[in-house]
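*Asks:* Just passing along the structure, written as structure tokens.
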Amino acid sequence: MNFFATLRVAGRALRRNKMRTILTMLGLIIGVGAVIITVSLGNGAKAAVEAQIASLGQNVVLVFNGSFNRGGVRSGFGGAGTLTVDDAAALAREIPEIVSISPERRYNAQIAAGDLNWSTSILGESDTYLDIRQWPLAQGSMFTEQDVHGANKVAIIGQTVATQLFPDGDAVGQAMRIKNVPFIVVGVLSPKGLSVQGQDQDDVIILPYTSLMKRLQGVTTLSGVTVQTANATDLASVQEQIIEILRQRHRTTPVTDDFLVRSQEEITAAANNTSQTMRMLLAGVALVSLLVGGIGIMNIMLVSVTERTREIGIRMAVGAHGRDILMQFLTEAVTLSLLGGILGITLGVGGSYVLPYFSSFPTLIPTFWIVVSFIVSAVVGVFFGFYPAWKASQLDPIDALRYE
Amino acid sequence: MPAIIQLESIHKVYHTGEVDVHAVRDVSLQVAKGEFVAIMGASGSGKSTMMNMLGCLDRPSQGRYLLDGVDVSGLDRDQLATIRNQKIGFVFQGFNLLSRTSALENTELPLMYNRSHLSSRELHRRASQALETVGLGSRADHHPNQLSGGQQQRVAIARALVNEPAMLLADEPTGNLDTQTSIEIMGVFQKLNDEGITIVMVTHELDIASYTKRNVIMRDGRVVTDAPVANRLIATEELAKLREAQKAVQLAP
């Protein structure tokens with residue numbers, strides 16, 4: 001029997017029990033659909049995390065204050081407050097691979113301009129900070145090295161701050177007060193949107209770190225240091241050198257370290273680790289759902305073979321070989337599973353398109369997984385259809401013809 | 001006349017549990033081309049087993065079976081299937097048509113397993129021709145449940161004929177039919193036989209057997225009588241008589 005005739009017979013058999021066919025396919029439809037939706041959600045989340053990691057800048061090493069231990073009382077990370085501007089200068093001086101360095105001081109304050117005011121987070125940075133973060137300005141220009149040296153009262157503001165304080169636009173050149181110290185806005189950042197954690201990254205003010213430390217806070221220690229290297233391959237060695245230099249300067253040991261050094265590689269690896277775990281979990285869910293769908297197909301095919309024993313007998317009597325019967329039932333099972341797979345893919349892709357409109361989850365439709373789902377559906381059909389089909393092909397024509 | 005069927009000392013033993021059942025014992029039989037044979041016997045006489053072996057659905061335990069000159073006693077499952085497809089046309093008691101499948105497609109079935117890969121147009125042409133032969137050309141698109149018993153059996157005969165087999169093998173072909181339809185079906189067989197087709201039929205009805213040309217009677221797995229039919233009935237005449245009788249009691253117009 002040729003392929004098209006076999007396909008036609010399979011199609012007719014499936015149409016004969018429409019409800020049963022649909023219910024059997026449902027296992028696979030839901031399985032494949034769920035796999036595609038979850039993978040596209042996972043991909044969407046992963047892409048968002050990667051974008052955020054990339055927004056840290058390229059080839060970046062971050063230095064934070066660590067914890068300290070005073071008389072047995074241990075502070076949390078960032079509690080030490082022992083990083084100084086001199087530390088940052090020493091790093092810049094002694095590590096040749098460092099191309100840019102930005103000492104960082106963080107602060108929160110109420111700011112005002114005209115009769116409007118707003119509470120926001122303030123970052124004290126060096127003039128190279130925006131280059132490291134690869135964060136372009138929308139208007140104006142970045143403060144200069146002279147501004148940093150002179151602790152000048154200049155500021156860069158984020159989009160949210162600009163909208164809140166200068167609703168008429170044109171913030172550049174305007175004055176604003178931070179804790180009653182007047183600052184001049186020299187630039188407005190381009191919008192960055194929400195972070196993965198849902199924070200508004202545009203609700204920020206960037207000042208020269210010197211201005212923040214001397215004029216607003218009156219402190220001498222840093223919150224952290226952002227370091228950029230020329231090449232990604234230098235990250236590990238730069239990280240080690242930073243640790244070594246800071247240990248010398250702070251006279252600490254690995255046990256008493258009062259600072260933390262994290263390279264972008266490590267952060268990326270941690271994120272990848274998370275998504276790797278998620279992928280494994282998804283693969284497990286996919287496997288189980290396809291297994292369940294496949295067992296459903298096997299079950300129905302066994303019922304179908306029993307129901308159609310007489311038909312098998314007739315076909316054998318008029319000359320069908322075991323192989324013909326095998327192919328007929330296998331074709332039926334594969335048609336069933338492929339149809340289920342295709343409907344599942346349609347459901348999954350449709351769901352992935354629609355989901356972002358109803359939720360805040362980004363999705364990224366996984367082409368690779370669509371192909372995998374299709375192939376796996378076919379494999380499920382062959383695998384779970386084989387036993388019933390083989391059973392049918394081994395029937396004795398005499399018994400099959402007599403079957404009531 | 002060359003022999004279509006040549007059985008040489010055929011035995012068939014079934015091993016069921018502890019007892020061996022000797023269903024057919026030492027049967028030798030020849031059926032020549034163009035014959036019309038009825039194999040008769042009570043149940044348990046071995047006629048069904050004979051039928052299965054003649055139809056290449058089963059193999060003899062011992063002995064040789066030459067079908068149309070080919071020794072089929074040692075063939076495997078698939079080879080037997082090919083022989084059934086090429087050489088034998090089956091007609092069963094229960095018609096055994098595929099339900100929800102048109103008469104035409106039922107008739108095409110053996111052609112689909114014929115390994116010569118015919119075009120679908122050729123399939124249709126041959127199947128339609130076979131349906132014409134049994135007088136059902138106008139009902140090709142009917143499904144079995146839309147046809148009477150006699151019509152269903154005609155479709156089955158058309159299906160048996162479609163591959164132009166060496167012989168027709170009928171297993172109680174009138175067992176599920178009323179008297180008049182039975183005679184009509186025997187009429188179809190007689191017409192086909194007149195055209196030169198060899199027919200072997202299993203029946204337990206003596207009157208049906210008398211439409212054939214030769215009766216083989218079996219008992220306990222052995223052939224006890226093998227004789228030509230003396231007073232052969234002709235289906236067309238019997239049908240005419242039946243009509244007269246029906247007219248007399250106003251059963252028929």
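Letters for chains follow the order of the structure tokens (A, B, ...), residue numbers begin at 1 for each chain, and ligand numbers begin at 1 in the order shown.
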Return the neighbours of chain A among the residues of chain B, cut-off 6 Å, counting only C-alpha atoms, as a ChimeraX atom specification.
*Replies:* /B:78,81-82,84-85,110,112-113
*Asks:* Just write the chosen residues, C-alpha atoms, as a short mmCIF file (atom, residue, chain, number, x, y, z; two decimals), in the first residue's frame.
*Replies:*
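Writing done, so here's selection33.cif:
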```
data_model
loop_
_atom_site.label_atom_id
_atom_site.label_comp_id
_atom_site.auth_asym_id
_atom_site.auth_seq_id
_atom_site.Cartn_x
_atom_site.Cartn_y
_atom_site.Cartn_z
CA ASP B 78 4.23 -12.62 4.10
CA ALA B 81 -0.24 -13.00 2.14
CA THR B 82 1.08 -12.34 -1.36
CA ARG B 84 -3.73 -14.79 -1.05
CA ASN B 85 -3.61 -11.43 -2.76
CA PRO B 110 -6.96 -6.16 -2.56
CA MET B 112 -4.03 -1.68 -2.59
CA TYR B 113 -1.97 -4.60 -1.30
#
```
*Asks:* Could you list, as a PyMOL selection string, every residue within 8 Å of segment 268-282 of chain A, counting only C-alpha atoms and ignoring same-chain residues fewer than 4 positions away?
*Replies:* chain A and resi 35+38-39+42+46+49-50+53+264+286
*Asks:* Neighbouring residues of segment 339-349 of chain A were defined as those with any atom within 6 Å, considering only C-alpha atoms; residues of the same chain fewer than 6 positions away were excluded. Please report them as a list in words.
*Replies:*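 Residues near the query, excluding close chain neighbours: Met25, Leu28, Ile29, Val32, Gly33, Ile36, Ile37, Phe374 and Ser377 of chain A.
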*Asks:* Between B:Ser148, B:Glu238, B:Val188, B:Leu98, single out the one closest to Leu131 of chain B, counting only C-alpha atoms.
*Replies:*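 So, comparing all the options, the nearest one is B:Val188.
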*Asks:* Could you pull the residues within 12 Å of Glu145 of chain A, counting only C-alpha atoms, minus those fewer than 3 positions along the same chain, as an NGL selection string?
*Replies:* :A and (102 or 125-129 or 142 or 148-152 or 154 or 207-210)
*Asks:* So that I can see what lies close to Val60 of chain A, please list as a PyMOL selection string the residues with an atom at most 8 Å from it, counting only C-alpha atoms and leaving out residues fewer than 3 positions away in the same chain.
*Replies:* chain A and resi 56-57+132+226-229+235+263-264
*Asks:* Quick one: pick out all helix (DSSP H, G or I) residues within segment 13-216 of chain A from a backbone DSSP run and write them as JSON, numbers by chain.
*Replies:* {"A": [13, 14, 15, 16, 18, 19, 20, 21, 22, 23, 24, 25, 26, 27, 28, 29, 30, 31, 32, 33, 34, 35, 36, 37, 38, 39, 40, 41, 42, 43, 44, 45, 46, 47, 48, 49, 50, 51, 52, 53, 54, 55, 85, 86, 87, 88, 89, 90, 91, 92, 93, 94, 129, 130, 131, 132, 133, 145, 146, 147, 148, 149, 159, 160, 161, 162, 163, 164, 165, 209, 210, 211, 212, 213, 214, 215, 216]}
*Asks:* Looking only at the backbone, which of the residues in segment 231-397 of chain A does DSSP tag as strand (DSSP E or B), as a PyMOL selection string?
*Replies:* chain A and resi 259-263
*Asks:* Take the residues just selected and output them with C-alpha atoms as a short mmCIF file (atom, residue, chain, number, x, y, z; two decimals), in the first residue's frame.
*Replies:*
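part-v2.cif was written with the following content:
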```cif
data_model
loop_
_atom_site.label_atom_id
_atom_site.label_comp_id
_atom_site.auth_asym_id
_atom_site.auth_seq_id
_atom_site.Cartn_x
_atom_site.Cartn_y
_atom_site.Cartn_z
CA PHE A 259 35.72 44.43 50.98
CA LEU A 260 34.17 42.40 48.18
CA VAL A 261 35.37 42.19 44.60
CA ARG A 262 33.01 40.88 41.91
CA SER A 263 33.79 40.69 38.22
#
```
*Asks:* Identify, on the basis of only C-alpha atoms, every residue whose closest approach to segment 65-76 of chain B does not exceed 7 Å; exclude the query and any residue fewer than 2 positions from it along the same chain; express the result as a PDB file with C-alpha atoms, in the first residue's frame.
*Replies:*
```
ATOM      1  CA  ALA B   3      -5.041 -28.640 -11.510  1.00  0.00           C
ATOM      2  CA  ILE B   4      -5.539 -25.371  -9.619  1.00  0.00           C
ATOM      3  CA  ILE B   5      -5.517 -27.138  -6.282  1.00  0.00           C
ATOM      4  CA  GLN B   6      -3.464 -30.209  -5.633  1.00  0.00           C
ATOM      5  CA  LEU B   7      -3.444 -31.567  -2.080  1.00  0.00           C
ATOM      6  CA  GLU B   8      -1.113 -34.472  -1.363  1.00  0.00           C
ATOM      7  CA  ARG B  59      -0.318 -24.178   6.714  1.00  0.00           C
ATOM      8  CA  PRO B  60      -0.673 -27.960   6.753  1.00  0.00           C
ATOM      9  CA  GLY B  63       1.783 -32.997   3.243  1.00  0.00           C
ATOM     10  CA  ASP B  78       4.233 -12.615   4.100  1.00  0.00           C
ATOM     11  CA  GLN B  79       4.651 -14.993   1.180  1.00  0.00           C
ATOM     12  CA  LEU B  80       1.263 -16.517   2.013  1.00  0.00           C
TER      13      LEU B  80
END
```
*Asks:* Name the closest residue to Phe4 of chain A among the candidates A:Ala89, A:Ile122, A:Met327, A:Ala236; distances are taken between atoms, counting only C-alpha atoms.
*Replies:*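 Selected residue with least distance to Phe4 of chain A: A:Met327.
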*Asks:* Just the residues within 12 Å of segment 119-122 of chain B, please, counting only C-alpha atoms, with nothing from its chain fewer than 2 positions along; format it as a list in words.
*Replies:*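 These residues fall inside the cut-off: Met1, Asn2, Phe4 and Ala5 of chain A; Leu104, Glu105, Glu108, Leu109, Leu111, Met112, Asn114, Arg115, Ser116, His117, His124, Arg125, Arg126, Ala127, Ser128, Gln129 and Val162 of chain B.
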*Asks:* Export, as a PDB file, in the first residue's frame, the selected residues with N, CA and C atoms.
*Replies:*
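Contents of selection.pdb, freshly written:
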```pdb
ATOM      1  N   MET A   1       0.864  -1.185   0.000  1.00  0.00           N
ATOM      2  CA  MET A   1       0.000   0.000   0.000  1.00  0.00           C
ATOM      3  C   MET A   1       0.898   1.232   0.000  1.00  0.00           C
ATOM      4  N   ASN A   2       0.589   2.193  -0.862  1.00  0.00           N
ATOM      5  CA  ASN A   2       1.470   3.350  -0.931  1.00  0.00           C
ATOM      6  C   ASN A   2       1.198   4.321   0.214  1.00  0.00           C
ATOM      7  N   PHE A   4       0.330   7.514   0.467  1.00  0.00           N
ATOM      8  CA  PHE A   4      -0.844   8.385   0.531  1.00  0.00           C
ATOM      9  C   PHE A   4      -2.093   7.606   0.908  1.00  0.00           C
ATOM     10  N   ALA A   5      -2.168   6.363   0.376  1.00  0.00           N
ATOM     11  CA  ALA A   5      -3.310   5.524   0.738  1.00  0.00           C
ATOM     12  C   ALA A   5      -3.279   5.234   2.234  1.00  0.00           C
TER      13      ALA A   5
ATOM     14  N   LEU B 104     -17.058   0.799  -3.469  1.00  0.00           N
ATOM     15  CA  LEU B 104     -15.940   0.905  -4.403  1.00  0.00           C
ATOM     16  C   LEU B 104     -14.607   0.735  -3.667  1.00  0.00           C
ATOM     17  N   GLU B 105     -14.487   1.434  -2.533  1.00  0.00           N
ATOM     18  CA  GLU B 105     -13.222   1.356  -1.790  1.00  0.00           C
ATOM     19  C   GLU B 105     -13.014  -0.030  -1.187  1.00  0.00           C
ATOM     20  N   GLU B 108     -11.675  -2.055  -3.860  1.00  0.00           N
ATOM     21  CA  GLU B 108     -10.289  -1.698  -4.201  1.00  0.00           C
ATOM     22  C   GLU B 108      -9.259  -2.318  -3.254  1.00  0.00           C
ATOM     23  N   LEU B 109      -9.736  -2.751  -2.076  1.00  0.00           N
ATOM     24  CA  LEU B 109      -8.812  -3.160  -1.017  1.00  0.00           C
ATOM     25  C   LEU B 109      -7.704  -4.127  -1.462  1.00  0.00           C
ATOM     26  N   LEU B 111      -6.459  -4.558  -4.319  1.00  0.00           N
ATOM     27  CA  LEU B 111      -5.567  -3.879  -5.271  1.00  0.00           C
ATOM     28  C   LEU B 111      -4.547  -3.024  -4.537  1.00  0.00           C
ATOM     29  N   MET B 112      -4.941  -2.533  -3.351  1.00  0.00           N
ATOM     30  CA  MET B 112      -4.034  -1.683  -2.586  1.00  0.00           C
ATOM     31  C   MET B 112      -2.844  -2.477  -2.066  1.00  0.00           C
ATOM     32  N   ASN B 114      -1.734  -5.142  -3.640  1.00  0.00           N
ATOM     33  CA  ASN B 114      -1.107  -5.712  -4.819  1.00  0.00           C
ATOM     34  C   ASN B 114       0.160  -4.892  -5.033  1.00  0.00           C
ATOM     35  N   ARG B 115       1.305  -5.572  -5.166  1.00  0.00           N
ATOM     36  CA  ARG B 115       2.576  -4.823  -5.123  1.00  0.00           C
ATOM     37  C   ARG B 115       2.925  -4.138  -6.447  1.00  0.00           C
ATOM     38  N   SER B 116       1.940  -4.005  -7.350  1.00  0.00           N
ATOM     39  CA  SER B 116       2.307  -3.438  -8.649  1.00  0.00           C
ATOM     40  C   SER B 116       2.079  -1.922  -8.730  1.00  0.00           C
ATOM     41  N   HIS B 117       1.708  -1.285  -7.604  1.00  0.00           N
ATOM     42  CA  HIS B 117       1.574   0.174  -7.537  1.00  0.00           C
ATOM     43  C   HIS B 117       0.748   0.765  -8.679  1.00  0.00           C
ATOM     44  N   HIS B 124      -9.713   2.588  -9.481  1.00  0.00           N
ATOM     45  CA  HIS B 124     -11.140   2.873  -9.624  1.00  0.00           C
ATOM     46  C   HIS B 124     -11.732   2.094 -10.797  1.00  0.00           C
ATOM     47  N   ARG B 125     -10.989   2.097 -11.904  1.00  0.00           N
ATOM     48  CA  ARG B 125     -11.512   1.455 -13.113  1.00  0.00           C
ATOM     49  C   ARG B 125     -11.747  -0.031 -12.867  1.00  0.00           C
ATOM     50  N   ARG B 126     -10.743  -0.687 -12.281  1.00  0.00           N
ATOM     51  CA  ARG B 126     -10.861  -2.128 -12.063  1.00  0.00           C
ATOM     52  C   ARG B 126     -11.947  -2.456 -11.048  1.00  0.00           C
ATOM     53  N   ALA B 127     -12.015  -1.643  -9.981  1.00  0.00           N
ATOM     54  CA  ALA B 127     -13.013  -1.903  -8.943  1.00  0.00           C
ATOM     55  C   ALA B 127     -14.419  -1.693  -9.497  1.00  0.00           C
ATOM     56  N   SER B 128     -14.595  -0.632 -10.299  1.00  0.00           N
ATOM     57  CA  SER B 128     -15.919  -0.376 -10.888  1.00  0.00           C
ATOM     58  C   SER B 128     -16.324  -1.540 -11.790  1.00  0.00           C
ATOM     59  N   GLN B 129     -15.329  -2.033 -12.543  1.00  0.00           N
ATOM     60  CA  GLN B 129     -15.600  -3.142 -13.461  1.00  0.00           C
ATOM     61  C   GLN B 129     -16.062  -4.374 -12.685  1.00  0.00           C
ATOM     62  N   VAL B 162     -11.510  -8.812  -7.940  1.00  0.00           N
ATOM     63  CA  VAL B 162     -10.857  -7.631  -8.499  1.00  0.00           C
ATOM     64  C   VAL B 162      -9.405  -7.881  -8.897  1.00  0.00           C
TER      65      VAL B 162
END
```
*Asks:* Measure the distance from atom CA of Asp257 of chain A to atom CA of Glu240 of chain A in Å and round it to one decimal.
*Replies:* 13.4 Å
*Asks:* Separation of atom CA of Phe64 of chain A and atom CA of Leu83 of chain A, in Å?
*Replies:* 8.0 Å
*Asks:* If you measure from atom CA of Asp258 of chain A to atom CA of Ser67 of chain A, what distance in Å do you get, rounded to one decimal?
*Replies:* 5.3 Å
*Asks:* Which one of A:Gly350, A:Thr335, A:Thr253, A:Leu194 sits closest to Ala48 of chain A if you count only C-alpha atoms?
*Replies:*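 Smallest distance to Ala48 of chain A is found for A:Leu194.
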